[in-house]
Amino acid sequence: LERTLILIKPDGVSRNLSGAILARVEAKGYTLVELKKINATRAMLEQHYEEHVGKPFYEPLVEFMLSGPVVAAIFEGNSVIAGFRSLAGSTDPTTAAPGTVRGDFGRDWGLKVQQNLVHGSDSVESAEREIGIWFA
Ligand code: GTP
Ligand code: MG
């Protein structure tokens, strides 16, 4: 059965949206496997975002992810990777479709990083790698 790593980023946690977001994932029929609230370390984020090292938004992204606790979850289900990314909406909250997490709860705060509430793995290989980082 497919698994994915979901993060509720510091903006989602500080705005008390963790429950609302997790409820949508469960309501879609995916099964919660692991759940915790955690303060990321720079070392974890360097691994998690290794594909973005060197991009202009990389350092602001890491600082944002260190700015407060995140909620990390493993969810399981048929096609859960694609299913959660559909539920999350596109990366930019300004244009993310209504009905998605980012479209309904996110907006452009004028900052250097998209404060877009959630992360979801983008492939089976990414999911395995990311689960190893957050649930070592
Ligand atoms: P994640 O689920 O968080 O991985 O989002 P994603 O897959 O939709 O985006 P991606 O992996 O490309 O980028 C990771 C994160 O970096 C995004 O969620 C944003 O927070 C930030 N980000 C990505 N692209 C940009 C960009 O072009 N500009 C800015 N400012 N931030 C970006
Ligand atoms: Mg991504």
# chains A, B, ... in the order shown; residues from 1 in each chain; ligands from 1
>>> residues_near_ligand(ligand="ligand 1", cutoff="7 Å", atoms="only C-alpha atoms and all ligand atoms", output="NGL selection string")
:A and (57 or 61 or 90-91 or 112-116 or 118-122)
>>> select_by_dssp(residues="chain A", states="helix (DSSP H, G or I)", output="compact mmCIF listing (two decimals) with C-alpha atoms, in the first residue's frame")
# COMPACT_ATOMS: atom_id res chain seq x y z
CA PRO A 10 4.90 26.31 10.67
CA ASP A 11 2.22 28.63 9.23
CA GLY A 12 -0.39 25.87 9.39
CA VAL A 13 0.57 24.90 12.95
CA SER A 14 0.70 28.49 14.26
CA SER A 18 -3.50 21.19 11.85
CA GLY A 19 -6.76 19.50 12.78
CA ALA A 20 -8.69 20.97 9.86
CA ILE A 21 -6.03 19.84 7.40
CA LEU A 22 -5.67 16.33 8.85
CA ALA A 23 -9.46 16.01 8.88
CA ARG A 24 -9.56 16.59 5.11
CA VAL A 25 -6.95 13.91 4.52
CA GLU A 26 -8.83 11.42 6.68
CA ALA A 27 -12.15 12.39 5.10
CA ARG A 42 18.69 22.47 9.77
CA ALA A 43 20.24 19.06 9.03
CA MET A 44 16.82 17.48 8.48
CA LEU A 45 15.75 20.32 6.19
CA GLU A 46 18.98 20.18 4.17
CA GLN A 47 18.11 16.56 3.37
CA HIS A 48 14.41 17.17 2.91
CA GLU A 50 18.15 18.83 -1.17
CA GLU A 51 16.60 19.28 -4.65
CA HIS A 52 16.25 23.02 -3.97
CA TYR A 58 16.18 27.84 -0.55
CA GLU A 59 17.60 29.73 2.46
CA PRO A 60 14.34 31.63 3.18
CA LEU A 61 12.52 28.31 2.89
CA VAL A 62 14.80 26.67 5.47
CA GLU A 63 14.47 29.68 7.80
CA PHE A 64 10.69 29.52 7.47
CA MET A 65 10.65 25.81 8.26
CA VAL A 80 -2.19 8.62 -1.63
CA ILE A 81 0.80 10.56 -3.05
CA ALA A 82 -1.13 11.99 -6.00
CA GLY A 83 -4.33 12.17 -3.96
CA PHE A 84 -2.82 14.34 -1.26
CA ARG A 85 -1.12 16.67 -3.77
CA SER A 86 -4.49 17.12 -5.43
CA LEU A 87 -6.03 17.92 -2.06
CA ALA A 88 -3.19 20.35 -1.21
CA VAL A 101 -5.98 23.31 1.38
CA ARG A 102 -3.77 25.98 -0.16
CA GLY A 103 -6.65 27.51 -2.12
CA ASP A 104 -8.96 27.72 0.87
CA PHE A 105 -6.54 28.62 3.68
CA VAL A 124 7.23 6.85 -4.18
CA GLU A 125 11.01 7.37 -4.01
CA SER A 126 10.61 10.80 -2.37
CA ALA A 127 8.11 9.39 0.12
CA GLU A 128 10.50 6.63 1.23
CA ARG A 129 13.38 9.11 1.51
CA GLU A 130 11.34 11.71 3.41
CA ILE A 131 9.77 9.19 5.80
CA GLY A 132 13.34 8.19 6.68
CA ILE A 133 14.16 11.80 7.54
CA TRP A 134 11.11 12.64 9.65
>>> closest_residue(among="A:Ala73, A:Leu1, A:Leu66, A:Ile6", to="ligand 2", atoms="only C-alpha atoms and all ligand atoms")
A:Ile6
>>> select_by_dssp(residues="stretch 38-92 of chain A", states="strand (DSSP E)", output="list in words")
Ile38, Val70, Val71, Ala72, Ala73, Ile74, Phe75 and Glu76 of chain A
>>> atom_distance(atom1="atom CA of A:Asp108", atom2="atom CA of A:Leu7")
19.3 Å
>>> atom_distance(atom1="atom CA of A:Gly110", atom2="atom CA of A:Gly68")
18.9 Å
>>> atom_distance(atom1="atom CA of A:Ser79", atom2="atom CA of A:Arg3")
8.3 Å
>>> residues_around(residues="A:Arg107", least_positions_apart="2", cutoff="7 Å", atoms="only C-alpha atoms", output="compact mmCIF listing (two decimals) with N, CA and C atoms, in the first residue's frame")
# COMPACT_ATOMS: atom_id res chain seq x y z
N PRO A 93 -0.33 29.76 -3.18
CA PRO A 93 -1.68 29.83 -2.60
C PRO A 93 -2.59 30.85 -3.30
N THR A 94 -2.00 31.85 -3.93
CA THR A 94 -2.82 32.85 -4.61
C THR A 94 -3.67 32.23 -5.72
N PHE A 105 -7.13 28.06 2.45
CA PHE A 105 -6.54 28.62 3.68
C PHE A 105 -5.31 29.48 3.43
N TRP A 109 1.43 36.33 1.45
CA TRP A 109 1.72 37.25 2.55
C TRP A 109 2.85 38.19 2.18
>>> closest_residue(among="A:Gly89, A:Pro69, A:Gly54, A:Gly77", to="ligand 2", atoms="only C-alpha atoms and all ligand atoms")
A:Gly89
